[in-house]
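The structure appears right after this line, and notes come after that.
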Amino acid sequence: MREITRKTVFRRIAAVLVLLIVAGGLGLWWIMQQPMYRPPGLAQMDIKDPIGASADLTDADSRVSRGRWEVEPGVELSHFSVGEGTNILVVHGGPGIPQTASAPAFDVLGDAYRLHYYAQRGTGESFRPTFDFSGSRWASIQALEGTLGIGQQLADIERIRRLLGDQRLILVGHSYGALLAALYAAEMPDRVMALLLIAPADLVVFPSLHGGLFDNLRDRLAEAERTAYDAWLEEYLDLGEIFTETEAELAGRDSELIHFFEAAGWEAPAAVSPPPSQVGAWHARAQYFSMGLRHDYSDALGRITAPTLVVHGGDDLQPIEVAEDYCRWIADSEIVTIPGAGHFPHYTHGEALAPVVRAFLDGLTDGKGRPVGLMSNPARER
């Protein structure tokens, strides 16, 4: 009897262990469905003042100055600036794809505005952390998201604002960068003077209300391209094994998106088609973990008070309904459509977009880039 009792006990312990393992797996699966970033996330962060900035004025193009912002100890963001006057901060998209050249639509603003383009942490020549993913999968996810996720990207915008010495920022965001710019404006409504969202990403609500970027792109591909695209997309979206790969391997895969983008008939400007070495593959995965598989940030966008212009390309892979949703969520907003433009109208249709942007910004300033009734000063209020 004693032996039977022991076997029974061992079986029960084994059964409990199996249940715990299964429950743990289901728990991790459930956690990954949830967004790790939830507004107002910045309120939970201890954002200290940035350390400083350095400039290198040796660029071959005398219009462009290059430098680095040290936003935290050991965390530097590379940037370049064009023009003179009131600051405008440009937030690039991707996620993980920095801009390497200024946009023609903004170059003409240089008589009254100074455009600052920066590579977000984890991309380009900016801070690229080294990770140790030898621990548990959940620990690896937390380390990645906590270092490069949405919360840190928004905190960097706030740190840059303080470095620039502006009480309120003019923010320009493109694609995924437009989502980041909008979330910052939602988190810090008193720190944004104006918001320009160019082809904003269809990611405020996920799963998408309009099919999503990847489905919309597939619909535009020829049948011969779809098999290769489906195989690529399955690998790209598989976050299950990423911690067994190097960032270089992931970045090479990420860069293949440009091929399919161009196969669908859209031009990808060289300025937003950097080599794989400049692509932030860990940065991109951190954004996905931040958003989870289900989220809804639309209520947060309702807290934006800045005048907002949403630019839609008439031939964008995203439908006009995406831009309309942003305007529905942001009270003081309007849409402008650039006929014939795709996903990069600030690069491909500068002549058409420039006067629209100028009119929008000059309506908020004295026509020379100086904010009406606002001061650009060291940000004493935190």
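Chain labels run A, B, ... following the order of the structure tokens; each chain numbers its residues from 1, and ligands are numbered from 1 in the order shown.
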* Please run DSSP on the backbone and report, as a ChimeraX atom specification, all residues within range 100-251 of chain A that come out as alpha helix (DSSP H). => /A:104-107,137-148,150-164,176-187,213-220,223-236,247-251
* To do: Pick out the residues sitting within 8 Å of range 245-255 of chain A, and hand them over as a VMD selection string; count only C-alpha atoms, and ignore anything fewer than 4 positions along from it in its own chain.
  => chain A and resid 232 236 241 259 273 275 to 277 279 to 282
Could you save those same residues with all heavy atoms as a compact mmCIF listing (two decimals), in the first residue's frame?
# COMPACT_ATOMS: atom_id res chain seq x y z
N TRP A 232 7.80 35.74 -46.77
CA TRP A 232 8.55 36.78 -46.06
C TRP A 232 7.77 37.29 -44.86
O TRP A 232 8.33 37.43 -43.76
CB TRP A 232 8.86 37.93 -47.01
CG TRP A 232 9.45 39.11 -46.28
CD1 TRP A 232 10.75 39.31 -45.95
CD2 TRP A 232 8.73 40.24 -45.76
NE1 TRP A 232 10.91 40.48 -45.26
CE2 TRP A 232 9.69 41.08 -45.13
CE3 TRP A 232 7.39 40.62 -45.76
CZ2 TRP A 232 9.33 42.27 -44.50
CZ3 TRP A 232 7.04 41.81 -45.13
CH2 TRP A 232 8.00 42.62 -44.52
N TYR A 236 8.74 37.51 -40.96
CA TYR A 236 8.88 38.84 -40.36
C TYR A 236 8.03 38.98 -39.10
O TYR A 236 8.47 39.58 -38.10
CB TYR A 236 8.48 39.90 -41.39
CG TYR A 236 8.51 41.32 -40.85
CD1 TYR A 236 9.72 41.99 -40.67
CD2 TYR A 236 7.34 41.99 -40.52
CE1 TYR A 236 9.76 43.28 -40.18
CE2 TYR A 236 7.37 43.28 -40.01
CZ TYR A 236 8.57 43.93 -39.85
OH TYR A 236 8.60 45.20 -39.35
N GLU A 241 10.85 33.21 -32.34
CA GLU A 241 12.23 32.74 -32.35
C GLU A 241 13.24 33.87 -32.53
O GLU A 241 14.41 33.61 -32.80
CB GLU A 241 12.41 31.72 -33.49
CG GLU A 241 11.51 30.49 -33.38
CD GLU A 241 11.78 29.69 -32.12
OE1 GLU A 241 12.96 29.63 -31.70
OE2 GLU A 241 10.82 29.14 -31.55
N HIS A 259 11.65 45.85 -51.39
CA HIS A 259 11.42 45.17 -52.68
C HIS A 259 9.93 45.03 -52.95
O HIS A 259 9.45 45.34 -54.05
CB HIS A 259 12.08 43.79 -52.67
CG HIS A 259 11.58 42.89 -53.77
ND1 HIS A 259 11.96 43.04 -55.09
CD2 HIS A 259 10.68 41.85 -53.74
CE1 HIS A 259 11.33 42.14 -55.82
NE2 HIS A 259 10.56 41.40 -55.03
N SER A 273 15.45 54.47 -47.50
CA SER A 273 15.81 53.10 -47.87
C SER A 273 17.26 52.84 -47.49
O SER A 273 18.10 52.56 -48.34
CB SER A 273 15.60 52.88 -49.37
OG SER A 273 14.28 53.17 -49.77
N PRO A 275 20.76 51.12 -45.89
CA PRO A 275 21.27 49.75 -45.90
C PRO A 275 20.88 49.03 -44.61
O PRO A 275 20.57 49.68 -43.60
CB PRO A 275 22.79 49.93 -46.01
CG PRO A 275 23.04 51.30 -45.46
CD PRO A 275 21.84 52.12 -45.84
N PRO A 276 20.90 47.69 -44.63
CA PRO A 276 20.51 46.93 -43.43
C PRO A 276 21.26 47.34 -42.17
O PRO A 276 20.70 47.27 -41.06
CB PRO A 276 20.81 45.48 -43.82
CG PRO A 276 20.65 45.46 -45.30
CD PRO A 276 21.16 46.80 -45.77
N SER A 277 22.50 47.79 -42.30
CA SER A 277 23.28 48.17 -41.12
C SER A 277 22.69 49.37 -40.38
O SER A 277 22.97 49.59 -39.20
CB SER A 277 24.73 48.49 -41.52
OG SER A 277 24.77 49.60 -42.42
N VAL A 279 19.27 49.88 -40.30
CA VAL A 279 17.91 49.51 -39.90
C VAL A 279 17.91 49.04 -38.45
O VAL A 279 18.77 48.25 -38.04
CB VAL A 279 17.35 48.41 -40.82
CG1 VAL A 279 16.00 47.92 -40.31
CG2 VAL A 279 17.22 48.94 -42.24
N GLY A 280 16.96 49.51 -37.68
CA GLY A 280 16.85 49.12 -36.27
C GLY A 280 15.92 47.93 -36.10
O GLY A 280 14.72 48.10 -35.84
N ALA A 281 16.46 46.73 -36.24
CA ALA A 281 15.62 45.53 -36.15
C ALA A 281 15.11 45.29 -34.73
O ALA A 281 13.94 44.95 -34.52
CB ALA A 281 16.39 44.31 -36.64
N TRP A 282 15.98 45.45 -33.73
CA TRP A 282 15.50 45.30 -32.35
C TRP A 282 14.53 46.42 -32.00
O TRP A 282 13.56 46.20 -31.27
CB TRP A 282 16.66 45.29 -31.38
CG TRP A 282 17.51 44.06 -31.38
CD1 TRP A 282 18.88 44.00 -31.41
CD2 TRP A 282 17.06 42.68 -31.36
NE1 TRP A 282 19.30 42.69 -31.41
CE2 TRP A 282 18.21 41.86 -31.38
CE3 TRP A 282 15.81 42.09 -31.35
CZ2 TRP A 282 18.14 40.47 -31.37
CZ3 TRP A 282 15.73 40.69 -31.34
CH2 TRP A 282 16.88 39.90 -31.36
* Skip Ser333 in chain A itself and residues of its chain fewer than 6 positions away, then list as a VMD selection string all residues within 7 Å of it, counting only C-alpha atoms. => chain A and resid 307 to 309 327
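You will find CA of Thr123 in chain A at 6.8 Å from CA of Ile97 in chain A.
Across A:Leu42, A:Thr86, A:Tyr326, A:Gly94, the tightest approach to Leu109 in chain A is made by A:Thr86 when counting only C-alpha atoms.
Using only C-alpha atoms, the smallest distance between any of A:Gly173, A:Pro274, A:Pro129, A:Pro200 and Ile258 in chain A comes from A:Pro274.
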* Give me the residues within 9 Å of range 313-315 of chain A as a ChimeraX atom specification, counting only C-alpha atoms and dropping any in the same chain fewer than 4 places off. => /A:198-199,266,319-320,336-345
Write to file, as a short mmCIF file (atom, residue, chain, number, x, y, z; two decimals), in the first residue's frame, the residues of the selection just made, with all heavy atoms.
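Saved as again_31.cif:
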data_model
loop_
_atom_site.label_atom_id
_atom_site.label_comp_id
_atom_site.auth_asym_id
_atom_site.auth_seq_id
_atom_site.Cartn_x
_atom_site.Cartn_y
_atom_site.Cartn_z
N ILE A 198 2.06 62.90 -41.42
CA ILE A 198 2.13 62.54 -42.83
C ILE A 198 1.95 61.04 -42.98
O ILE A 198 2.72 60.25 -42.42
CB ILE A 198 3.48 62.97 -43.43
CG1 ILE A 198 3.67 64.49 -43.28
CG2 ILE A 198 3.59 62.56 -44.90
CD1 ILE A 198 5.01 64.98 -43.74
N ALA A 199 0.91 60.64 -43.70
CA ALA A 199 0.59 59.22 -43.91
C ALA A 199 0.67 58.45 -42.60
O ALA A 199 1.40 57.46 -42.47
CB ALA A 199 1.53 58.60 -44.94
N TRP A 266 5.05 51.51 -55.80
CA TRP A 266 5.37 52.75 -55.10
C TRP A 266 6.86 53.00 -55.09
O TRP A 266 7.65 52.06 -54.95
CB TRP A 266 4.86 52.72 -53.66
CG TRP A 266 3.38 52.81 -53.55
CD1 TRP A 266 2.60 53.91 -53.77
CD2 TRP A 266 2.48 51.77 -53.15
NE1 TRP A 266 1.27 53.60 -53.56
CE2 TRP A 266 1.18 52.29 -53.18
CE3 TRP A 266 2.66 50.44 -52.79
CZ2 TRP A 266 0.06 51.55 -52.85
CZ3 TRP A 266 1.55 49.68 -52.46
CH2 TRP A 266 0.27 50.24 -52.49
N PRO A 319 -5.83 53.45 -47.02
CA PRO A 319 -7.02 54.16 -47.50
C PRO A 319 -7.22 55.48 -46.78
O PRO A 319 -6.70 55.70 -45.68
CB PRO A 319 -8.16 53.18 -47.20
CG PRO A 319 -7.66 52.38 -46.03
CD PRO A 319 -6.18 52.23 -46.25
N ILE A 320 -8.00 56.36 -47.37
CA ILE A 320 -8.28 57.67 -46.80
C ILE A 320 -8.93 57.55 -45.43
O ILE A 320 -8.81 58.43 -44.57
CB ILE A 320 -9.17 58.50 -47.77
CG1 ILE A 320 -9.40 59.92 -47.24
CG2 ILE A 320 -10.51 57.81 -47.97
CD1 ILE A 320 -8.17 60.77 -47.18
N VAL A 336 -5.52 66.98 -45.57
CA VAL A 336 -5.18 67.46 -46.91
C VAL A 336 -4.70 66.25 -47.71
O VAL A 336 -3.85 65.49 -47.25
CB VAL A 336 -4.07 68.53 -46.88
CG1 VAL A 336 -3.58 68.82 -48.28
CG2 VAL A 336 -4.58 69.79 -46.22
N THR A 337 -5.27 66.06 -48.90
CA THR A 337 -4.86 64.96 -49.77
C THR A 337 -3.96 65.51 -50.89
O THR A 337 -4.29 66.51 -51.52
CB THR A 337 -6.08 64.26 -50.40
OG1 THR A 337 -6.86 63.66 -49.35
CG2 THR A 337 -5.63 63.17 -51.37
N ILE A 338 -2.81 64.86 -51.10
CA ILE A 338 -1.90 65.23 -52.17
C ILE A 338 -2.13 64.27 -53.34
O ILE A 338 -1.78 63.08 -53.25
CB ILE A 338 -0.43 65.17 -51.71
CG1 ILE A 338 -0.22 66.03 -50.46
CG2 ILE A 338 0.50 65.61 -52.83
CD1 ILE A 338 -0.54 67.49 -50.64
N PRO A 339 -2.77 64.72 -54.41
CA PRO A 339 -3.11 63.82 -55.52
C PRO A 339 -1.87 63.14 -56.10
O PRO A 339 -0.82 63.78 -56.29
CB PRO A 339 -3.76 64.76 -56.55
CG PRO A 339 -4.27 65.91 -55.74
CD PRO A 339 -3.27 66.10 -54.65
N GLY A 340 -2.00 61.85 -56.37
CA GLY A 340 -0.93 61.10 -57.01
C GLY A 340 0.20 60.69 -56.09
O GLY A 340 1.09 59.92 -56.49
N ALA A 341 0.22 61.17 -54.87
CA ALA A 341 1.31 60.85 -53.95
C ALA A 341 1.07 59.50 -53.30
O ALA A 341 -0.07 59.10 -53.05
CB ALA A 341 1.44 61.93 -52.88
N GLY A 342 2.17 58.81 -53.00
CA GLY A 342 2.09 57.54 -52.30
C GLY A 342 2.30 57.74 -50.81
O GLY A 342 1.74 58.65 -50.21
N HIS A 343 3.18 56.90 -50.23
CA HIS A 343 3.36 56.90 -48.78
C HIS A 343 4.41 57.91 -48.32
O HIS A 343 4.56 58.13 -47.12
CB HIS A 343 3.76 55.49 -48.33
CG HIS A 343 3.56 55.24 -46.87
ND1 HIS A 343 2.33 55.37 -46.24
CD2 HIS A 343 4.44 54.87 -45.89
CE1 HIS A 343 2.45 55.08 -44.96
NE2 HIS A 343 3.72 54.78 -44.72
N PHE A 344 5.11 58.55 -49.26
CA PHE A 344 6.19 59.48 -48.90
C PHE A 344 6.02 60.82 -49.60
O PHE A 344 6.92 61.29 -50.29
CB PHE A 344 7.56 58.88 -49.28
CG PHE A 344 7.83 57.54 -48.67
CD1 PHE A 344 7.51 56.37 -49.35
CD2 PHE A 344 8.41 57.43 -47.42
CE1 PHE A 344 7.76 55.12 -48.81
CE2 PHE A 344 8.67 56.19 -46.85
CZ PHE A 344 8.34 55.03 -47.54
N PRO A 345 4.89 61.49 -49.44
CA PRO A 345 4.65 62.73 -50.20
C PRO A 345 5.65 63.84 -49.88
O PRO A 345 5.91 64.69 -50.74
CB PRO A 345 3.23 63.13 -49.77
CG PRO A 345 3.01 62.45 -48.47
CD PRO A 345 3.76 61.16 -48.55
#
Go through range 175-294 of chain A and flag each residue having an atom no more than 12 Å from range 43-56 of chain A; for those, report the closest pair of atoms plus their distance in Å to one decimal, using only C-alpha atoms, ordered by chain and rising number, as JSON lines.
{"residue": "A:Tyr184", "atom": "CA", "partner": "A:Ala43", "partner_atom": "CA", "distance": 11.4}
{"residue": "A:Ala186", "atom": "CA", "partner": "A:Ala43", "partner_atom": "CA", "distance": 11.7}
{"residue": "A:Glu187", "atom": "CA", "partner": "A:Ala43", "partner_atom": "CA", "distance": 8.0}
{"residue": "A:Met188", "atom": "CA", "partner": "A:Ala43", "partner_atom": "CA", "distance": 9.4}
For the residues in that selection, give me N, CA, C and O atoms as a compact mmCIF listing (two decimals), in the first residue's frame.
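The resulting out16.txt:
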# COMPACT_ATOMS: atom_id res chain seq x y z
N TYR A 184 2.87 61.23 -28.25
CA TYR A 184 3.54 62.23 -27.42
C TYR A 184 2.61 63.42 -27.19
O TYR A 184 2.49 63.93 -26.06
N ALA A 186 -0.51 63.41 -27.15
CA ALA A 186 -1.58 62.98 -26.23
C ALA A 186 -1.08 62.94 -24.80
O ALA A 186 -1.80 63.29 -23.85
N GLU A 187 0.17 62.51 -24.62
CA GLU A 187 0.76 62.42 -23.29
C GLU A 187 1.13 63.81 -22.74
O GLU A 187 1.03 64.06 -21.54
N MET A 188 1.60 64.70 -23.62
CA MET A 188 2.11 66.02 -23.22
C MET A 188 1.40 67.12 -24.01
O MET A 188 2.04 67.86 -24.78
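The nearest approach to Gly240 in chain A among the residues A:Gln34, A:Ser140, A:Gln99, A:Thr348, with only C-alpha atoms taken into account, belongs to A:Ser140.
Using only C-alpha atoms, the nearest neighbour of Tyr118 in chain A within the list A:Asp156, A:Glu234, A:Asp190, A:Asp299 is A:Asp156.
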Give me, as a CSV table (one decimal) with N, CA and C atoms, in the first residue's frame, all polymer residues having an atom no more than 7 Å from range 82-84 of chain A, counting only C-alpha atoms and skipping those fewer than 6 positions away in the same chain.
chain,number,residue,atom,x,y,z
A,63,ARG,N,24.4,73.8,-45.8
A,63,ARG,CA,23.1,74.0,-45.2
A,63,ARG,C,22.8,73.1,-44.0
A,64,VAL,N,23.6,72.0,-44.0
A,64,VAL,CA,23.2,70.9,-43.0
A,64,VAL,C,24.3,70.9,-41.9
A,65,SER,N,23.8,70.9,-40.7
A,65,SER,CA,24.7,70.7,-39.5
A,65,SER,C,24.4,69.3,-38.9
A,110,GLY,N,13.3,76.5,-44.7
A,110,GLY,CA,14.5,76.8,-44.0
A,110,GLY,C,14.7,78.3,-43.8
A,111,ASP,N,14.0,79.2,-44.4
A,111,ASP,CA,14.1,80.6,-44.1
A,111,ASP,C,13.5,81.0,-42.8
A,112,ALA,N,12.6,80.2,-42.3
A,112,ALA,CA,11.9,80.6,-41.0
A,112,ALA,C,11.9,79.5,-40.0
A,113,TYR,N,12.3,78.3,-40.4
A,113,TYR,CA,12.2,77.1,-39.5
A,113,TYR,C,13.5,76.3,-39.6
A,114,ARG,N,13.8,75.7,-38.5
A,114,ARG,CA,15.0,74.8,-38.4
A,114,ARG,C,14.5,73.4,-38.2
A,115,LEU,N,14.6,72.5,-39.2
A,115,LEU,CA,14.2,71.2,-39.2
A,115,LEU,C,15.2,70.3,-38.6
A,116,HIS,N,14.8,69.5,-37.6
A,116,HIS,CA,15.7,68.6,-36.9
A,116,HIS,C,15.3,67.2,-37.2
